[in-house]
Amino acid sequence: MGRLLGSLIVVVAVTCWAIAFGYLAYCVQDLHEAASLLTIGGVTFAALIYWIRAVYVSRDLSLTMNHLQGAVSALAPHIESVAFDGGNRVIWSTHLNAYPSLTEYVRKLMMKVADPELATKIKTLIENRRRGEVLFHTGGNGLGADQRWILFSLSPFEKNSFVTVLRDLTTHFASYNQLRQQFDQLQLFVDHAPFGIFYSSKQGKILGVNSTLCKWLDLPREEIIGRPVSDLIKDADSYRGMVRVFNKGGTGFKALLFKPEDDVQSKTSPSILCRLDNAVGLTAGELIQDSSYLDAAIPAVMINQYGDIASSNPAFTTMLGELNPRGKFCDLVAPAQRVDIVERLSKAFEQKTMTSPFEVRFDGDRIQTTAYPSRSISRGGIAEIMLQFIDISEQKRLQGQFIQSQKMQAVGQLAGGVAHDFNNLLTAMIGYCDLLLQRYLPNDPSYNDIIQIKQNANRAANLVRQLLAFSRQQTLQPKVTNITDNLVELSTLLRRLIGAGIELKMVHARDLWFVKADIGQLEQVIINLVVNARDAMKAGGILTLRTSNIHFAKQQRYGHDVIPKGDYVAVEVIDTGTGIAPEHLELIFEPFFSTKEVGEGTGLGLSTVYGIVKQTGGFVQVESKLGQGTTFKILLPRHNGVIEVESYKTEISAQDLTGGGRVLLVEDEDAVRMFSARALREKGYTVIEANNGDSALTMVKNGEKFDVLITDVVMPKMDGPTLNKKIRDIYPTAKTIFISGYTEDTFRKNLDDDADIHFLPKPYTLKDLAVKVKEVLVVN
C-alpha cells in the first residue's frame with residue numbers, strides 16, 4: 001500500500017511540475033527562469049512527500065524521493081536546493097550525497113562566500129531558521145572578473161524544518177560588471193584630465209564639474225554646481241575662445257574655452273577649459289603684445305595669412321624636438337596631411353572667427369596633436385591666427401594598440417574555432433586511415449593510396465596547429481632551457497634548409513641566461529624565420545643567428561607593445577636579403593598575408609612565430625630596409641627560478657598496445673566516437689559509448705562500471721569538465737582522459753590539480769589513443 005501511494009504521489013507531483021514548468025517557460029520565454037520560479041514549488045512537493053512518508057507511508061517512499069530529486073535536478077541544473085528537518089537532517093536535495101548533514105552544508109557554503117559579513121548573515125539565517133535572501137559572490141580577482149554571483153534564500157516550514165536554495169545569477173551580472181568597469185575607468189580619466197570640464201544647462205547653470213576644475217577654482221564641487229556660468233567665466237562671446245576664469249579668492253587666470261555647437265535635443269552642454277597660467281590678455285593680439293603667451297605651458301604658434309610661422313613659444317619648440325619651428329608651417333606637418341591643413345587655415349582666415357579644433361601630425365606621424373585655432377587678428381595689415389596644441393600622441397598610440405589587439409584577438413578566435421572543427425574532421429580521417437592500413441600489406445596498391453590520404457591529412461593537421469599557434473590556443477609544454485644548446489642541436493638542420501648558397505653564422509653570447517619555453521615550439525619559431533630569410537636571399541647572402549642577454553632598467557615601447565622592465569634573452573635572425581616594404585611591416589604577422597608567389601607559402605609562418613612567442617610571454621621586433629635585409633629579434637623573459645630536473649615516466653612498449661578494461665567513451669561527433677570505439681575494441685577493451693554528457697551520467701547513475709572515462713571537452717548541454725565533476729561525486733577515484741581540438745590550458749584551470757586527469761589533443765591516431773589509454777590504466 002505504501003509503495004503504491006508513493007508511486008501515485010510522484011506521478012502527480014511530476015505531472016503538475018511538468019505542466020507548470022511548460023506554462024512558465026512559454027510565458028517568460030526562458031527555461032532557466034522558469035526552472036528558478038518553480039524551485040520553491042519542487043521543494044514544497046518534497047516537503048509534502050516527506051510529511052506523508054512520516055505519517056502514512058514510512059520507509060516506502062525513499063525511492064520516490066530519489067526520483068523526484070532527479071527530476072528537479074534535470075529541470076533546474078543552475079539551482080542547488082537542500083531541505084533539512086528539525087533535527088538538522090537532510091530530507092531532500094537536488095545534489096545527492098553532496099551534503100550528508102547541515103554542518104557539512106554550512107562548511108561548504110561558507111567556503112564559497114567571499115565577504116565575511118555576508119557569510120555571518122547567512123549563518124545567522126540558518127541558525128535562527130529565519131526567512132531571507134542574501135546575494136554574495138565567490139572568489140574572483142578583485143576586479144569583478146572570474147566571480148560567481150549566487151543568491152542564497154531560506155524558507156522555513158513546519159516543525160522547525162527549512163529549505164535553502166542557491167541560484168547562480170552570474171550571467172545576469174557579466175554584462176553589468178563589464179560596463180561598470182569601463183564606466184569607472186572613463187569616469188576616472190575625465191575626473192582627473194589635465195583640463196577642466198563642466199556641464200551646463202540651457203539656462204546657463206553649472207550641473208557638473210571634474211576634479212581638475214575644482215582644484216583650479218579652489219572650491220568644492222558642491223559650491224560650484226548650481227551656480228551660473230557667468231560667475232566663473234567673464235568677457236567671452238557665447239562662452240568660446242580666450243576667457244578669464246575667477247577662483248574662490250577673486251583672482252583669475254586665462255584659459256582657452258571650447259564648447260561644441262548647441263544641440264537642440266540635448267538638455268546639457270559640455271565645455272572644456274585649457275588653462276594658460278601666465279597669459280594676461282583676452283585676445284591673440286593682446287597676448288602677442290604682452291609676449292606672455294611665450295611663457296604659456298600649452299604649445300602655441302602664430303601663423304600669418306601666407307602660411308609662415310610669425311612666432312612660437314618654447315613649449316611648441318619642445319614638443320617638436322629636433323624639428324625647426326621656422327619657415328612655412330605646413331613644412332612641419334606630415335606630408336599626407338598638408339593639403340588638408342592648408343584648406344583649414346585658409347578657411348580660418350576667411351571666416352575671421354574661431355573654427356573647430358582639428359588634428360595635426362608632425363614629424364611623420366610621431367607627434368600627433370589637436371590644434372585649437374583662435375580668431376584671426378591683423379598686425380601691420382597682415383592677418384594672423386594662433387594655434388594652440390594638445391599632444392594626443394599617447395592617446396593615439398593606445399587607440400592603435402587597442403584596435404590592433406582587438407583585430408588580432410578576433411582573428412585568433414576565428415582561427416581557434418575553425419581549428420577545433422577541423423581537428424574533429426581530421427581525427428576521423430586519420431583514424432580510419434589507420435584502420436584501413438591494418439587490412440593491407442605494404443605491397444598492395446591500395447596501401448600506398450591510403451598512405452597518401454593519411455599524409456595529406458597530417459599536412460592539414462600541421463596547418464591547424466599553425467592556426468592554433470597564431471591564436472595562442474595550442475598546448476605548450478614549457479621547460480627551462482639554454483637557447484644556445486638548442487641552436488647548436490638545430491644548426492645541422494638549418495644548414496640543410498638554407499642550402500649551399502647562403503652562409504650561416506652563429507654568434508653565441510657567453511653565460512646566456514636560461515628561459516622557460518616549449519623547446520619544440522621554440523625550434524619551430526627559429527625554423528620559420530630561417531625559411532623566410534632563405535626565401536629573401538634568392539641570389540645568396542649571409543644569415544646570422546645571434547643570442548644575447550638584455551636588461552631593461554625601465555619599460556620599453558616598441559610599436560603597439562609595451563615591454564616591462566627586467567631581464568630578457570634575445571635571439572636575432574639577421575639576413576642580407578631584399579628587405580620588407582614599409583607598407584607591409586604592419587601586416588606581416590597577420591594570418592595568410594604573404595608577399596610570396598602563389599603556391600610558395602601558406603602565409604602562416606610569421607603568424608605562427610607571433611603566436612608562439614606571445615603565448616610564451618615574449619615579444620617580437622622587426623627592422624627592415626629594402627635592398628639591405630631584415631632583422632627579427634625575439635625577446636624571451638629570463639627564468640629566475642629553480643632549474644627543473646625533468647622526470648621520465650615509464651614508456652609504453654610500442655609493440656604491445658593491447659589491453660583490457662572497461663572504457664566509457666563520451667563524444668558528440670559520431671565519426672570520432674565510432675573510430676575511437678572501434679580502435680579500442682580491436683585492442684581488447686570493452687567500450688561503452690555515449691553521444692553526450694547527460695547520457696553518460698545517466699549510465700553511471702544506473703550502475704554502469706568503467707575503468708577510465710574518455711570524454712570530449714566541448715559538448716552541447718553538459719561539457720566534459722562538468723561531466724567529470726559529476727561522475728567524481730559518485731566515483732571519486734575515477735580516471736579521466738580529455739580529448740579536444742582546443743588546448744589543455746583552456747579548461748585545465750577549471751579543474752582541480754589531479755594526477756588522474758589526462759589530456760589527448762585532436763587529431764590523434766589509433767596508436768596515440770591506444771598508448772594514452774594503456775598509459776593511464778597500466779602506468780598510473
# chains A, B, ... in the order shown; residues from 1 in each chain; ligands from 1

call {"tool": "residues_around", "arguments": {"residues": "His508 (chain A)", "least_positions_apart": "2", "cutoff": "12 Å", "atoms": "only C-alpha atoms", "output": "number ranges by chain"}}
result
A: 482-488, 505-506, 510-513, 544-549, 569-572

call {"tool": "atom_distance", "arguments": {"atom1": "CA of His758 (chain A)", "atom2": "CA of Thr736 (chain A)"}}
result
6.1 Å

call {"tool": "select_by_dssp", "arguments": {"residues": "region 701-733 of chain A", "states": "strand (DSSP E)", "output": "ChimeraX atom specification"}}
result
/A:708-712

call {"tool": "atom_distance", "arguments": {"atom1": "CA of Arg375 (chain A)", "atom2": "CA of Leu207 (chain A)"}}
result
28.8 Å

call {"tool": "closest_residue", "arguments": {"among": "A:Val165, A:Ile526, A:Leu585, A:Ile298", "to": "Ser624 (chain A)", "atoms": "only C-alpha atoms"}}
result
A:Leu585

call {"tool": "residues_around", "arguments": {"residues": "Ile450 (chain A)", "least_positions_apart": "3", "cutoff": "9 Å", "atoms": "only C-alpha atoms", "output": "short mmCIF file (atom, residue, chain, number, x, y, z; two decimals) with C-alpha atoms, in the first residue's frame"}}
result
data_model
loop_
_atom_site.label_atom_id
_atom_site.label_comp_id
_atom_site.auth_asym_id
_atom_site.auth_seq_id
_atom_site.Cartn_x
_atom_site.Cartn_y
_atom_site.Cartn_z
CA CYS A 433 43.21 5.54 -42.47
CA ASP A 434 44.93 3.70 -39.60
CA LEU A 436 42.35 0.60 -43.28
CA LEU A 437 46.14 0.22 -43.19
CA SER A 446 45.68 0.33 -52.07
CA TYR A 447 48.22 0.62 -49.25
CA ILE A 453 45.45 10.22 -47.86
CA LYS A 454 46.95 10.00 -44.37
CA GLN A 455 49.98 12.11 -45.31
#

call {"tool": "closest_residue", "arguments": {"among": "A:Ser201, A:Phe619, A:Thr164, A:Leu529", "to": "Pro564 (chain A)", "atoms": "only C-alpha atoms"}}
result
A:Phe619

call {"tool": "closest_residue", "arguments": {"among": "A:Ser374, A:Lys735, A:Glu503, A:Val90", "to": "Gly541 (chain A)", "atoms": "only C-alpha atoms"}}
result
A:Glu503

call {"tool": "residues_around", "arguments": {"residues": "Ile382 (chain A)", "least_positions_apart": "4", "cutoff": "7 Å", "atoms": "only C-alpha atoms", "output": "compact mmCIF listing (two decimals) with C-alpha atoms, in the first residue's frame"}}
result
# COMPACT_ATOMS: atom_id res chain seq x y z
CA ASN A 304 50.23 84.60 -40.94
CA GLN A 305 47.94 84.55 -43.94
CA SER A 378 45.69 91.97 -38.03

call {"tool": "closest_residue", "arguments": {"among": "A:Asp449, A:Glu586, A:Asp518, A:Asp421", "to": "Val464 (chain A)", "atoms": "only C-alpha atoms"}}
result
A:Asp421

call {"tool": "closest_residue", "arguments": {"among": "A:Gln621, A:Gln395, A:Gln181, A:Asn702", "to": "Arg557 (chain A)", "atoms": "only C-alpha atoms"}}
result
A:Gln621

call {"tool": "residues_around", "arguments": {"residues": "Ala677 (chain A)", "least_positions_apart": "3", "cutoff": "8 Å", "atoms": "only C-alpha atoms", "output": "ChimeraX atom specification"}}
result
/A:665,673-674,680-681,687,689

call {"tool": "residues_around", "arguments": {"residues": "Leu425 (chain A)", "least_positions_apart": "2", "cutoff": "10 Å", "atoms": "only C-alpha atoms", "output": "PDB file with N, CA, C and O atoms, in the first residue's frame"}}
result
ATOM      1  N   ALA A 419      39.984  25.826 -36.264  1.00  0.00           N
ATOM      2  CA  ALA A 419      40.917  24.737 -35.965  1.00  0.00           C
ATOM      3  C   ALA A 419      40.233  23.624 -35.182  1.00  0.00           C
ATOM      4  O   ALA A 419      40.478  22.434 -35.425  1.00  0.00           O
ATOM      5  N   HIS A 420      39.364  23.991 -34.232  1.00  0.00           N
ATOM      6  CA  HIS A 420      38.670  22.964 -33.438  1.00  0.00           C
ATOM      7  C   HIS A 420      37.805  22.084 -34.326  1.00  0.00           C
ATOM      8  O   HIS A 420      37.825  20.852 -34.224  1.00  0.00           O
ATOM      9  N   ASP A 421      37.036  22.695 -35.236  1.00  0.00           N
ATOM     10  CA  ASP A 421      36.167  21.913 -36.119  1.00  0.00           C
ATOM     11  C   ASP A 421      36.994  21.032 -37.052  1.00  0.00           C
ATOM     12  O   ASP A 421      36.644  19.871 -37.306  1.00  0.00           O
ATOM     13  N   PHE A 422      38.089  21.572 -37.579  1.00  0.00           N
ATOM     14  CA  PHE A 422      38.938  20.774 -38.460  1.00  0.00           C
ATOM     15  C   PHE A 422      39.581  19.612 -37.716  1.00  0.00           C
ATOM     16  O   PHE A 422      39.775  18.535 -38.283  1.00  0.00           O
ATOM     17  N   ASN A 423      39.931  19.826 -36.467  1.00  0.00           N
ATOM     18  CA  ASN A 423      40.552  18.748 -35.699  1.00  0.00           C
ATOM     19  C   ASN A 423      39.614  17.563 -35.549  1.00  0.00           C
ATOM     20  O   ASN A 423      40.053  16.410 -35.554  1.00  0.00           O
ATOM     21  N   THR A 427      40.633  14.005 -37.096  1.00  0.00           N
ATOM     22  CA  THR A 427      40.725  12.836 -36.225  1.00  0.00           C
ATOM     23  C   THR A 427      40.064  11.621 -36.872  1.00  0.00           C
ATOM     24  O   THR A 427      40.622  10.514 -36.872  1.00  0.00           O
ATOM     25  N   ALA A 428      38.876  11.840 -37.439  1.00  0.00           N
ATOM     26  CA  ALA A 428      38.174  10.737 -38.098  1.00  0.00           C
ATOM     27  C   ALA A 428      38.919  10.279 -39.349  1.00  0.00           C
ATOM     28  O   ALA A 428      39.076   9.075 -39.602  1.00  0.00           O
ATOM     29  N   MET A 429      39.421  11.237 -40.153  1.00  0.00           N
ATOM     30  CA  MET A 429      40.119  10.876 -41.398  1.00  0.00           C
ATOM     31  C   MET A 429      41.383  10.065 -41.097  1.00  0.00           C
ATOM     32  O   MET A 429      41.612   8.999 -41.683  1.00  0.00           O
ATOM     33  N   ILE A 430      42.212  10.567 -40.198  1.00  0.00           N
ATOM     34  CA  ILE A 430      43.465   9.880 -39.865  1.00  0.00           C
ATOM     35  C   ILE A 430      43.179   8.538 -39.187  1.00  0.00           C
ATOM     36  O   ILE A 430      43.839   7.525 -39.449  1.00  0.00           O
ATOM     37  N   GLY A 431      42.167   8.527 -38.312  1.00  0.00           N
ATOM     38  CA  GLY A 431      41.833   7.296 -37.598  1.00  0.00           C
ATOM     39  C   GLY A 431      41.380   6.185 -38.525  1.00  0.00           C
ATOM     40  O   GLY A 431      41.832   5.031 -38.412  1.00  0.00           O
ATOM     41  N   ALA A 457      46.315  14.344 -44.837  1.00  0.00           N
ATOM     42  CA  ALA A 457      45.570  14.697 -43.623  1.00  0.00           C
ATOM     43  C   ALA A 457      46.525  15.223 -42.547  1.00  0.00           C
ATOM     44  O   ALA A 457      46.199  16.166 -41.818  1.00  0.00           O
ATOM     45  N   ALA A 461      46.626  18.742 -40.640  1.00  0.00           N
ATOM     46  CA  ALA A 461      46.741  18.858 -39.187  1.00  0.00           C
ATOM     47  C   ALA A 461      47.847  19.832 -38.801  1.00  0.00           C
ATOM     48  O   ALA A 461      47.731  20.575 -37.820  1.00  0.00           O
ATOM     49  N   GLU A 669      30.706  14.000 -31.609  1.00  0.00           N
ATOM     50  CA  GLU A 669      30.963  13.823 -33.042  1.00  0.00           C
ATOM     51  C   GLU A 669      30.918  12.323 -33.357  1.00  0.00           C
ATOM     52  O   GLU A 669      31.766  11.550 -32.898  1.00  0.00           O
ATOM     53  N   ALA A 671      31.562  10.482 -36.038  1.00  0.00           N
ATOM     54  CA  ALA A 671      32.695   9.868 -36.734  1.00  0.00           C
ATOM     55  C   ALA A 671      33.864   9.627 -35.785  1.00  0.00           C
ATOM     56  O   ALA A 671      34.504   8.572 -35.821  1.00  0.00           O
ATOM     57  N   VAL A 672      34.153  10.599 -34.939  1.00  0.00           N
ATOM     58  CA  VAL A 672      35.254  10.465 -33.982  1.00  0.00           C
ATOM     59  C   VAL A 672      34.950   9.370 -32.978  1.00  0.00           C
ATOM     60  O   VAL A 672      35.814   8.550 -32.639  1.00  0.00           O
ATOM     61  N   LYS A 762      43.383  16.523 -30.162  1.00  0.00           N
ATOM     62  CA  LYS A 762      42.975  16.129 -31.507  1.00  0.00           C
ATOM     63  C   LYS A 762      43.799  16.926 -32.512  1.00  0.00           C
ATOM     64  O   LYS A 762      44.158  18.072 -32.234  1.00  0.00           O
ATOM     65  N   PRO A 763      44.080  16.357 -33.697  1.00  0.00           N
ATOM     66  CA  PRO A 763      43.723  14.999 -34.133  1.00  0.00           C
ATOM     67  C   PRO A 763      44.715  13.983 -33.586  1.00  0.00           C
ATOM     68  O   PRO A 763      45.899  14.260 -33.461  1.00  0.00           O
TER      69      PRO A 763
END

call {"tool": "closest_residue", "arguments": {"among": "A:Asn424, A:Arg129, A:Lys772, A:Gly605", "to": "Asp670 (chain A)", "atoms": "only C-alpha atoms"}}
result
A:Asn424

call {"tool": "residues_around", "arguments": {"residues": "Ser695 (chain A)", "least_positions_apart": "4", "cutoff": "12 Å", "atoms": "only C-alpha atoms", "output": "ChimeraX atom specification"}}
result
/A:664-668,688-691,699-702,704,715-719,723,727

call {"tool": "write_last_selection", "arguments": {"atoms": "C-alpha atoms", "output": "mmCIF file, in the first residue's frame"}}
result
data_model
loop_
_atom_site.group_PDB
_atom_site.id
_atom_site.type_symbol
_atom_site.label_atom_id
_atom_site.label_comp_id
_atom_site.auth_asym_id
_atom_site.auth_seq_id
_atom_site.Cartn_x
_atom_site.Cartn_y
_atom_site.Cartn_z
ATOM 1 C CA LEU A 664 33.351 4.912 -21.014
ATOM 2 C CA LEU A 665 33.687 6.946 -24.257
ATOM 3 C CA VAL A 666 31.732 10.236 -24.468
ATOM 4 C CA GLU A 667 31.948 12.123 -27.787
ATOM 5 C CA ASP A 668 29.255 14.109 -29.623
ATOM 6 C CA ILE A 688 30.575 1.853 -23.531
ATOM 7 C CA GLU A 689 29.572 4.693 -25.882
ATOM 8 C CA ALA A 690 27.611 7.884 -25.125
ATOM 9 C CA ASN A 691 26.982 10.791 -27.509
ATOM 10 C CA MET A 699 24.534 5.337 -17.353
ATOM 11 C CA VAL A 700 26.822 5.869 -14.376
ATOM 12 C CA LYS A 701 23.915 6.636 -12.059
ATOM 13 C CA ASN A 702 22.253 3.432 -13.215
ATOM 14 C CA GLU A 704 27.434 1.261 -15.240
ATOM 15 C CA MET A 715 29.823 19.232 -25.987
ATOM 16 C CA PRO A 716 26.256 20.527 -26.069
ATOM 17 C CA LYS A 717 24.296 20.725 -22.800
ATOM 18 C CA MET A 718 26.903 19.251 -20.454
ATOM 19 C CA ASP A 719 30.597 19.749 -21.270
ATOM 20 C CA LEU A 723 30.600 15.587 -16.565
ATOM 21 C CA ILE A 727 30.959 11.448 -12.090
#

call {"tool": "atom_distance", "arguments": {"atom1": "CA of Gly520 (chain A)", "atom2": "CA of Gly741 (chain A)"}}
result
19.3 Å
